[in-house]
$ cat target-v6.cif   # mmCIF, C-alpha atoms
data_work
#
loop_
_atom_site.label_atom_id
_atom_site.label_comp_id
_atom_site.auth_asym_id
_atom_site.auth_seq_id
_atom_site.Cartn_x
_atom_site.Cartn_y
_atom_site.Cartn_z
CA MET A 1 26.54 157.43 -38.28
CA SER A 2 25.26 160.43 -40.16
CA VAL A 3 26.83 162.05 -43.24
CA PRO A 4 27.42 165.80 -42.81
CA ASP A 5 25.49 168.06 -45.11
CA PRO A 6 27.63 169.34 -48.01
CA THR A 7 28.58 173.01 -47.95
CA PRO A 8 26.19 174.87 -50.24
CA PRO A 9 27.95 176.40 -53.26
CA ARG A 10 28.75 180.09 -53.00
CA LYS A 11 26.79 182.39 -55.23
CA LEU A 12 28.92 183.93 -57.96
CA SER A 13 29.50 187.62 -57.45
CA ARG A 14 27.96 189.84 -60.12
CA LEU A 15 30.58 192.48 -59.52
CA GLY A 16 32.67 191.20 -62.40
CA LEU A 17 29.64 191.60 -64.65
CA TYR A 18 28.94 195.17 -63.57
CA ILE A 19 32.50 196.51 -63.62
CA PRO A 20 32.87 196.64 -67.46
CA PHE A 21 29.51 198.40 -67.79
CA GLY A 22 30.49 200.83 -65.06
CA LEU A 23 33.80 201.59 -66.75
CA LEU A 24 32.00 202.06 -70.07
CA ALA A 25 29.54 204.46 -68.48
CA LEU A 26 32.41 206.39 -66.89
CA LEU A 27 34.23 206.55 -70.23
CA ILE A 28 31.08 207.87 -71.94
CA VAL A 29 30.66 210.55 -69.26
CA VAL A 30 34.33 211.61 -69.50
CA TRP A 31 34.29 211.57 -73.33
CA SER A 32 31.03 213.54 -73.41
CA GLY A 33 32.52 216.09 -71.05
CA ALA A 34 35.62 216.37 -73.24
CA TRP A 35 33.44 216.85 -76.35
CA VAL A 36 31.36 219.56 -74.65
CA TRP A 37 34.57 221.31 -73.57
CA ALA A 38 36.01 221.07 -77.12
CA ARG A 39 32.76 222.45 -78.53
CA GLY A 40 32.90 225.40 -76.16
CA GLU A 41 36.57 225.97 -77.00
CA ALA A 42 35.77 225.96 -80.73
CA ILE A 43 33.05 228.56 -80.18
CA ARG A 44 35.35 230.68 -78.04
CA ARG A 45 38.19 230.62 -80.57
CA LEU A 46 35.87 231.34 -83.49
CA ASP A 47 34.36 234.32 -81.69
CA ALA A 48 37.78 235.57 -80.58
CA THR A 49 39.15 235.35 -84.12
CA ALA A 50 36.13 237.18 -85.53
CA THR A 51 36.45 239.91 -82.88
CA ALA A 52 40.17 240.36 -83.56
CA LEU A 53 39.53 240.67 -87.30
CA ARG A 54 36.77 243.23 -86.74
CA HIS A 55 39.06 245.31 -84.53
CA ALA A 56 41.66 245.17 -87.33
CA GLY A 57 39.15 246.64 -89.77
CA TYR A 58 37.71 243.52 -91.40
CA GLU A 59 34.02 242.93 -91.88
CA VAL A 60 33.22 239.43 -90.57
CA ALA A 61 29.66 238.10 -90.28
CA TRP A 62 27.39 235.08 -90.61
CA ARG A 63 23.63 234.63 -90.23
CA ASP A 64 23.49 231.33 -88.33
CA ARG A 65 25.98 229.00 -86.68
CA SER A 66 25.57 225.38 -85.64
CA ILE A 67 28.05 223.00 -84.01
CA GLY A 68 27.58 219.24 -83.83
CA GLY A 69 29.42 216.03 -84.69
CA TYR A 70 29.17 214.23 -81.33
CA PRO A 71 30.83 211.93 -80.38
CA PHE A 72 33.95 211.79 -82.57
CA ARG A 73 33.96 215.02 -84.57
CA LEU A 74 33.44 218.74 -84.30
CA ASN A 75 31.29 220.02 -87.17
CA ILE A 76 30.80 223.77 -87.56
CA ALA A 77 28.38 225.18 -90.15
CA LEU A 78 28.01 228.90 -90.91
CA THR A 79 25.27 230.19 -93.21
CA GLU A 80 25.65 233.37 -95.24
CA ALA A 81 29.24 233.77 -94.08
CA ARG A 82 31.33 236.66 -95.38
CA ILE A 83 34.63 238.43 -94.76
CA ARG A 84 35.89 241.62 -96.38
CA ASP A 85 38.94 243.79 -95.77
CA ARG A 86 39.26 247.55 -95.97
CA SER A 87 40.77 247.47 -99.47
CA GLY A 88 37.60 245.86 -100.86
CA TRP A 89 38.69 242.23 -101.23
CA GLY A 90 36.07 239.87 -99.89
CA LEU A 91 34.86 236.29 -99.72
CA GLU A 92 31.25 235.14 -99.34
CA THR A 93 29.50 231.78 -99.32
CA PRO A 94 25.91 230.61 -98.67
CA ARG A 95 27.21 227.81 -96.45
CA LEU A 96 30.62 227.16 -94.94
CA GLU A 97 31.26 223.81 -93.28
CA GLY A 98 34.24 222.92 -91.09
CA GLN A 99 35.16 219.57 -89.54
CA ALA A 100 37.84 218.36 -87.15
CA PHE A 101 38.21 214.97 -85.44
CA MET A 102 38.43 214.85 -81.67
CA HIS A 103 41.82 213.12 -81.86
CA ALA A 104 43.16 215.95 -84.10
CA PRO A 105 41.34 219.12 -83.01
CA THR A 106 43.89 221.45 -84.65
CA HIS A 107 43.47 220.02 -88.16
CA TRP A 108 40.39 221.42 -89.87
CA ILE A 109 38.80 220.61 -93.21
CA VAL A 110 36.65 223.47 -94.55
CA ALA A 111 34.26 223.15 -97.51
CA ALA A 112 31.88 225.39 -99.44
CA PRO A 113 29.34 222.85 -100.79
CA GLU A 114 27.18 225.56 -102.39
CA GLY A 115 30.09 227.44 -103.94
CA LEU A 116 31.54 230.80 -103.02
CA THR A 117 31.99 234.34 -104.32
CA PHE A 118 35.19 236.36 -104.16
CA VAL A 119 34.92 240.12 -104.48
CA ARG A 120 37.57 242.23 -106.21
CA PRO A 121 38.08 245.87 -105.17
CA THR A 122 37.64 247.23 -108.71
CA GLY A 123 36.51 244.27 -110.78
CA GLY A 124 33.50 243.25 -108.69
CA PRO A 125 32.28 239.81 -107.59
CA VAL A 126 33.05 236.47 -109.24
CA ARG A 127 30.89 233.44 -108.43
CA VAL A 128 32.82 230.14 -108.12
CA SER A 129 31.04 226.79 -108.26
CA GLY A 130 32.33 223.26 -108.78
CA ARG A 131 32.24 219.59 -107.89
CA LEU A 132 34.58 220.13 -104.96
CA ILE A 133 35.66 223.30 -103.13
CA ARG A 134 37.53 222.66 -99.90
CA ALA A 135 40.55 223.68 -97.86
CA SER A 136 42.55 222.28 -94.96
CA LEU A 137 44.13 224.29 -92.14
CA SER A 138 46.59 222.99 -89.57
CA HIS A 139 49.65 223.88 -87.47
CA PHE A 140 48.10 227.12 -86.22
CA ALA A 141 51.16 227.77 -84.01
CA ASN A 142 53.21 228.33 -87.18
CA ALA A 143 53.43 231.72 -88.85
CA PRO A 144 51.83 231.26 -91.26
CA PRO A 145 49.80 228.09 -90.58
CA ASN A 146 49.68 225.31 -93.16
CA ILE A 147 46.92 225.98 -95.69
CA SER A 148 45.80 223.93 -98.68
CA PHE A 149 43.00 224.72 -101.13
CA GLU A 150 41.60 222.29 -103.69
CA GLY A 151 38.89 222.86 -106.27
CA THR A 152 37.76 220.57 -109.10
CA GLY A 153 35.37 221.16 -111.97
CA LEU A 154 35.30 224.89 -111.25
CA THR A 155 33.41 227.58 -113.13
CA PHE A 156 33.96 231.33 -112.69
CA THR A 157 31.03 233.65 -113.39
CA PRO A 158 31.39 237.43 -112.96
CA GLY A 159 28.45 239.09 -111.23
CA ALA A 160 26.11 241.52 -112.94
CA GLY A 161 28.08 244.58 -114.02
CA ALA A 162 31.40 243.06 -112.88
CA ALA A 163 34.56 243.10 -114.99
CA PRO A 164 35.46 239.84 -116.79
CA PHE A 165 37.63 237.31 -114.99
CA GLY A 166 40.57 235.73 -116.82
CA LEU A 167 39.21 232.18 -116.53
CA SER A 168 35.70 230.92 -117.18
CA ALA A 169 36.45 227.36 -115.97
CA ALA A 170 39.24 225.12 -114.66
CA GLU A 171 39.33 221.38 -114.17
CA ARG A 172 41.57 221.63 -111.12
CA VAL A 173 42.98 224.42 -108.93
CA GLU A 174 45.37 223.83 -106.04
CA ILE A 175 47.04 226.29 -103.65
CA HIS A 176 49.39 225.16 -100.89
CA LEU A 177 51.24 227.10 -98.18
CA ARG A 178 53.64 225.09 -96.02
CA ARG A 179 56.05 226.16 -93.30
CA ALA A 180 59.48 224.58 -93.81
CA PRO A 181 60.95 222.32 -91.10
CA ALA A 182 62.92 224.21 -88.47
CA GLU A 183 66.24 222.80 -89.69
CA LEU A 184 65.67 224.44 -93.10
CA GLY A 185 65.33 227.92 -91.62
CA ASP A 186 62.71 230.64 -91.48
CA GLU A 187 60.99 229.78 -94.77
CA ALA A 188 57.66 228.69 -96.22
CA GLY A 189 56.79 227.19 -99.58
CA VAL A 190 53.98 228.45 -101.82
CA TRP A 191 52.66 226.33 -104.67
CA VAL A 192 49.85 227.23 -107.09
CA SER A 193 48.53 225.06 -109.90
CA VAL A 194 45.71 225.58 -112.42
CA GLN A 195 45.09 222.68 -114.80
CA ASP A 196 42.99 222.61 -117.95
CA GLY A 197 41.65 226.11 -117.56
CA LYS A 198 39.35 227.73 -120.08
CA ALA A 199 39.97 231.38 -120.82
CA GLN A 200 37.25 234.01 -120.70
CA LEU A 201 36.86 234.66 -124.43
CA ALA A 202 36.11 238.35 -123.89
CA GLY A 203 39.31 238.86 -121.88
CA LEU A 204 43.01 239.03 -122.62
CA LEU A 205 43.65 235.31 -122.01
CA GLY A 206 40.83 234.52 -124.43
CA ARG A 207 42.50 236.58 -127.15
CA ILE A 208 45.78 234.71 -126.64
CA ALA A 209 44.55 231.16 -125.93
CA GLY A 210 41.44 230.99 -128.13
CA ASP A 211 39.69 227.73 -127.35
CA LYS A 212 42.89 225.99 -126.15
CA PRO A 213 43.51 225.16 -122.47
CA VAL A 214 45.20 227.48 -120.00
CA SER A 215 47.57 226.20 -117.31
CA ILE A 216 49.34 228.03 -114.49
CA ALA A 217 52.13 226.80 -112.23
CA TRP A 218 53.96 228.64 -109.43
CA ASP A 219 56.64 227.26 -107.08
CA SER A 220 58.30 229.69 -104.69
CA ARG A 221 59.83 230.10 -101.24
CA LEU A 222 59.11 232.91 -98.78
CA THR A 223 61.94 233.98 -96.49
CA LYS A 224 61.58 235.66 -93.08
CA VAL A 225 58.07 234.25 -92.60
CA ASP A 226 58.25 234.78 -88.83
CA ALA A 227 57.99 238.49 -89.57
CA LEU A 228 54.76 238.02 -91.57
CA ARG A 229 52.58 239.15 -88.68
CA GLY A 230 50.22 242.03 -88.15
CA ALA A 231 46.66 243.05 -87.40
CA THR A 232 45.90 243.42 -91.12
CA TRP A 233 47.29 242.10 -94.39
CA ALA A 234 48.97 245.47 -95.02
CA ASP A 235 50.60 245.47 -91.56
CA ALA A 236 51.85 241.90 -91.97
CA VAL A 237 53.36 242.44 -95.43
CA ALA A 238 54.93 245.75 -94.40
CA ALA A 239 56.56 244.10 -91.35
CA TRP A 240 57.75 241.20 -93.50
CA SER A 241 59.24 243.59 -96.06
CA ARG A 242 61.05 245.64 -93.38
CA ALA A 243 62.58 242.41 -92.05
CA GLY A 244 64.05 241.70 -95.50
CA GLY A 245 61.49 239.13 -96.61
CA ARG A 246 61.78 237.93 -100.19
CA ILE A 247 59.94 235.60 -102.58
CA ASN A 248 62.42 233.32 -104.30
CA VAL A 249 60.76 231.89 -107.40
CA LYS A 250 61.99 228.40 -108.23
CA ARG A 251 59.72 227.70 -111.20
CA ALA A 252 56.61 229.25 -112.66
CA GLY A 253 54.72 229.41 -115.92
CA LEU A 254 51.58 230.47 -117.72
CA THR A 255 50.53 228.54 -120.81
CA ALA A 256 47.69 230.00 -122.88
CA GLY A 257 47.24 228.04 -126.07
CA ASP A 258 50.54 228.19 -127.97
CA ALA A 259 51.82 231.14 -125.94
CA LEU A 260 54.02 230.54 -122.91
CA ILE A 261 55.52 232.65 -120.17
CA GLY A 262 58.01 230.52 -118.26
CA VAL A 263 59.80 231.86 -115.18
CA ASN A 264 63.21 230.24 -114.84
CA SER A 265 64.17 232.04 -111.63
CA GLY A 266 63.58 235.29 -109.82
CA ALA A 267 63.56 237.18 -106.54
CA LEU A 268 60.69 239.47 -105.55
CA GLY A 269 59.95 241.79 -102.66
CA VAL A 270 57.52 244.54 -101.70
CA GLY A 271 58.43 248.22 -101.52
CA SER A 272 57.30 250.76 -98.94
CA ASP A 273 54.64 251.89 -101.42
CA GLY A 274 53.10 248.41 -101.37
CA ARG A 275 54.18 247.61 -104.92
CA LEU A 276 56.03 244.52 -106.11
CA THR A 277 59.79 244.87 -106.66
CA GLY A 278 62.41 242.53 -108.14
CA VAL A 279 63.35 240.70 -111.32
CA LEU A 280 62.09 237.57 -113.07
CA ASP A 281 64.16 235.70 -115.68
CA VAL A 282 61.57 234.54 -118.22
CA SER A 283 61.20 232.51 -121.41
CA LEU A 284 58.53 233.73 -123.84
CA ARG A 285 57.03 231.63 -126.62
CA GLN A 286 54.83 233.34 -129.22
CA ALA A 287 55.67 236.60 -127.42
CA PRO A 288 54.99 238.99 -130.36
CA ARG A 289 51.48 237.54 -130.75
CA ALA A 290 50.75 237.75 -127.03
CA LEU A 291 52.08 241.30 -126.79
CA GLY A 292 50.03 242.25 -129.84
CA ALA A 293 46.94 240.99 -128.02
CA LEU A 294 47.91 243.17 -125.05
CA GLY A 295 47.96 246.21 -127.30
CA ALA A 296 44.71 245.27 -129.07
CA SER A 297 42.90 244.79 -125.76
CA GLY A 298 44.06 248.13 -124.39
CA SER A 299 45.92 246.48 -121.49
CA VAL A 300 49.09 248.15 -122.82
CA ALA A 301 49.37 251.24 -125.00
CA PRO A 302 49.72 250.08 -128.64
CA ASP A 303 53.10 251.76 -129.15
CA GLN A 304 54.48 250.19 -125.95
CA ALA A 305 53.13 246.77 -126.96
CA ALA A 306 54.75 247.13 -130.38
CA ALA A 307 58.09 248.11 -128.80
CA ALA A 308 57.94 245.15 -126.40
CA ALA A 309 57.07 242.82 -129.29
CA ALA A 310 60.11 244.11 -131.16
CA VAL A 311 62.34 243.43 -128.14
CA ALA A 312 60.96 239.90 -127.80
CA GLY A 313 61.26 239.27 -131.53
CA ALA A 314 64.93 240.34 -131.49
CA ARG A 315 65.64 237.87 -128.68
CA GLN A 316 63.65 235.02 -130.21
CA GLY A 317 65.40 231.96 -131.56
CA SER A 318 64.39 229.42 -134.17
CA ASP A 319 62.24 227.67 -131.56
CA GLU A 320 60.16 230.86 -131.25
CA VAL A 321 61.25 231.23 -127.62
CA ALA A 322 62.66 234.55 -126.41
CA HIS A 323 64.68 234.98 -123.22
CA ALA A 324 64.24 238.25 -121.34
CA THR A 325 63.74 239.81 -117.92
CA ILE A 326 60.61 241.28 -116.38
CA ASN A 327 61.50 244.02 -113.90
CA PHE A 328 59.35 245.47 -111.13
CA GLU A 329 61.04 248.70 -110.15
CA GLY A 330 59.68 251.95 -108.76
CA ASP A 331 56.09 251.91 -109.89
CA ARG A 332 56.69 250.24 -113.27
CA THR A 333 56.73 246.80 -114.85
CA THR A 334 59.16 246.55 -117.74
CA LEU A 335 60.05 243.91 -120.32
CA GLY A 336 63.70 244.63 -120.96
CA PRO A 337 63.77 248.43 -121.47
CA VAL A 338 60.07 248.78 -122.39
CA VAL A 339 57.53 249.94 -119.81
CA LEU A 340 54.37 247.79 -119.92
CA TRP A 341 52.19 248.87 -116.97
CA PRO A 342 52.39 249.91 -113.30
CA ALA A 343 53.98 247.44 -110.90
CA PRO A 344 51.31 245.34 -109.15
CA LYS A 345 50.23 246.46 -105.70
CA VAL A 346 50.43 243.86 -102.96
CA TYR A 347 48.79 246.10 -100.37
CA GLU A 348 47.53 249.66 -100.01
CA PRO A 349 49.65 251.71 -97.57
CA ARG A 350 47.69 253.65 -94.97
#
$ encode --input "target-v6.cif" --output "structure tokens"
Amino acid sequence: MSVPDPTPPRKLSRLGLYIPFGLLALLIVVWSGAWVWARGEAIRRLDATATALRHAGYEVAWRDRSIGGYPFRLNIALTEARIRDRSGWGLETPRLEGQAFMHAPTHWIVAAPEGLTFVRPTGGPVRVSGRLIRASLSHFANAPPNISFEGTGLTFTPGAGAAPFGLSAAERVEIHLRRAPAELGDEAGVWVSVQDGKAQLAGLLGRIAGDKPVSIAWDSRLTKVDALRGATWADAVAAWSRAGGRINVKRAGLTAGDALIGVNSGALGVGSDGRLTGVLDVSLRQAPRALGALGASGSVAPDQAAAAAAVAGARQGSDEVAHATINFEGDRTTLGPVVLWPAPKVYEPR
């Protein structure tokens, strides 16, 4: 009687070993394709934005552009980038870097690691350098999108032949623009903060502050922000103004040494001539001294500065704080009944 041969064991299939590697390879191919598409989309949108700005009258240029960051980021670097509008305001930087993660392609962080230069229409260029200069941009479907700027350890250096700038340095500068949630209405918030600033000694702030720190705070709400649209800054502001847009100031202040301008409340707009309109309710500390510095610097005619100082002195209490109103009406800025200077221009009408 013979014993049957045992059934030989079946060879294990290697399919289970290959499937994970195959899926990984497929994932890499799909992800790589998505990254290439996102890169192309970033290039297309950047070029489209630059073209639209040029058609609107802006000067937009850069020398070189590179895009990398594979596999998880989109990194865009522009060298010798600049933008300038028709009124003369401009922004330039040796290198501009932008970054967005693939899982959040509409949230960009932008930095100027080598500093930047902003150009004033009449005052000329001011070079800005610091430990950190960056901004974030998101929610591009909003009007306006969310924008935040942050700078630390900043220095401000006017270019050769340029007019002085009010600050020579600031430890921290922040600017934020945020669209309000839909349930709160057609509004956006604007916040500005300058901490531990150092005044330019040759300028007006230097005369008032001396070697003491300068701080600035601004908290306001913009109404009718959906109307803030247009091919140029002037078009957008004019459309916003026609729609009844206003700036409601919640709190603001400028501290320069012992002098203080505090804004308790106010409502501002823009007239058809492009100039600021409205009223600010202010508190002034050391106002006669500050107004005297205005007259001494030539920023205000000496007799007008003296009249404004008299008004502030008459309204000043024992705490050396005067309460008054600053009015922007017609083409004038007034402190109480005294004309100080022309109302600021927000844009230049065509």
$ residues_around --input "target-v6.cif" --residues "A:Leu294" --least-positions-apart "2" --cutoff "12 Å" --atoms "all atoms listed in the file" --output "number ranges by chain"
A: 203-208, 287-292, 296-309, 340-341
$ write_last_selection --input "target-v6.cif" --atoms "C-alpha atoms" --output "mmCIF file, in the coordinates of the input"
data_model
loop_
_atom_site.group_PDB
_atom_site.id
_atom_site.type_symbol
_atom_site.label_atom_id
_atom_site.label_comp_id
_atom_site.auth_asym_id
_atom_site.auth_seq_id
_atom_site.Cartn_x
_atom_site.Cartn_y
_atom_site.Cartn_z
ATOM 1 C CA GLY A 203 39.310 238.860 -121.880
ATOM 2 C CA LEU A 204 43.010 239.030 -122.620
ATOM 3 C CA LEU A 205 43.650 235.310 -122.010
ATOM 4 C CA GLY A 206 40.830 234.520 -124.430
ATOM 5 C CA ARG A 207 42.500 236.580 -127.150
ATOM 6 C CA ILE A 208 45.780 234.710 -126.640
ATOM 7 C CA ALA A 287 55.670 236.600 -127.420
ATOM 8 C CA PRO A 288 54.990 238.990 -130.360
ATOM 9 C CA ARG A 289 51.480 237.540 -130.750
ATOM 10 C CA ALA A 290 50.750 237.750 -127.030
ATOM 11 C CA LEU A 291 52.080 241.300 -126.790
ATOM 12 C CA GLY A 292 50.030 242.250 -129.840
ATOM 13 C CA ALA A 296 44.710 245.270 -129.070
ATOM 14 C CA SER A 297 42.900 244.790 -125.760
ATOM 15 C CA GLY A 298 44.060 248.130 -124.390
ATOM 16 C CA SER A 299 45.920 246.480 -121.490
ATOM 17 C CA VAL A 300 49.090 248.150 -122.820
ATOM 18 C CA ALA A 301 49.370 251.240 -125.000
ATOM 19 C CA PRO A 302 49.720 250.080 -128.640
ATOM 20 C CA ASP A 303 53.100 251.760 -129.150
ATOM 21 C CA GLN A 304 54.480 250.190 -125.950
ATOM 22 C CA ALA A 305 53.130 246.770 -126.960
ATOM 23 C CA ALA A 306 54.750 247.130 -130.380
ATOM 24 C CA ALA A 307 58.090 248.110 -128.800
ATOM 25 C CA ALA A 308 57.940 245.150 -126.400
ATOM 26 C CA ALA A 309 57.070 242.820 -129.290
ATOM 27 C CA LEU A 340 54.370 247.790 -119.920
ATOM 28 C CA TRP A 341 52.190 248.870 -116.970
#
$ closest_residue --input "target-v6.cif" --among "A:Ala312, A:Val194, A:Leu260, A:Val346" --to "A:Gly153" --atoms "only C-alpha atoms"
A:Val194
$ atom_distance --input "target-v6.cif" --atom1 "atom CA of A:Ala111" --atom2 "atom CA of A:Ser87"
25.3 Å
$ resolve_selection --input "target-v6.cif" --expression "the PyMOL selection byres ((chain A and resi 61) around 10)" --output "PyMOL selection string"
chain A and resi 50+54+58-60+62-64+78-84+92
$ closest_residue --input "target-v6.cif" --among "A:Arg350, A:Ala236, A:Gly278, A:Val311" --to "A:Gly330" --atoms "only C-alpha atoms"
A:Gly278
$ resolve_selection --input "target-v6.cif" --expression "the PyMOL selection byres ((chain A and resi 107) around 9)" --output "count of residues only"
13
$ atom_distance --input "target-v6.cif" --atom1 "atom CA of A:Asn142" --atom2 "atom CA of A:Asn75"
23.4 Å
$ atom_distance --input "target-v6.cif" --atom1 "atom CA of A:Asn248" --atom2 "atom CA of A:Pro337"
22.9 Å
$ resolve_selection --input "target-v6.cif" --expression "the PyMOL selection byres ((chain A and resi 325-327) around 9)" --output "ChimeraX atom specification"
/A:277-283,323-324,328-329,332-336,343
$ residues_around --input "target-v6.cif" --residues "stretch 215-230 of chain A" --least-positions-apart "6" --cutoff "7 Å" --atoms "all atoms listed in the file" --output "MDAnalysis selection string"
chainID A and resid 143 186:197 236:237 239:240 243:256
$ residues_near_point --input "target-v6.cif" --point "(40.0, 216.6, -79.4)" --cutoff "12 Å" --atoms "all atoms listed in the file" --output "list of chain:residue names"
A:Trp31, A:Ser32, A:Gly33, A:Ala34, A:Trp35, A:Val36, A:Trp37, A:Ala38, A:Arg39, A:Gly40, A:Glu41, A:Ala42, A:Gly69, A:Tyr70, A:Pro71, A:Phe72, A:Arg73, A:Leu74, A:Gln99, A:Ala100, A:Phe101, A:Met102, A:His103, A:Ala104, A:Pro105, A:Thr106, A:His107, A:Trp108
$ closest_residue --input "target-v6.cif" --among "A:Ser318, A:Arg242, A:Ala231, A:Arg178" --to "A:Asp85" --atoms "all atoms listed in the file"
A:Ala231
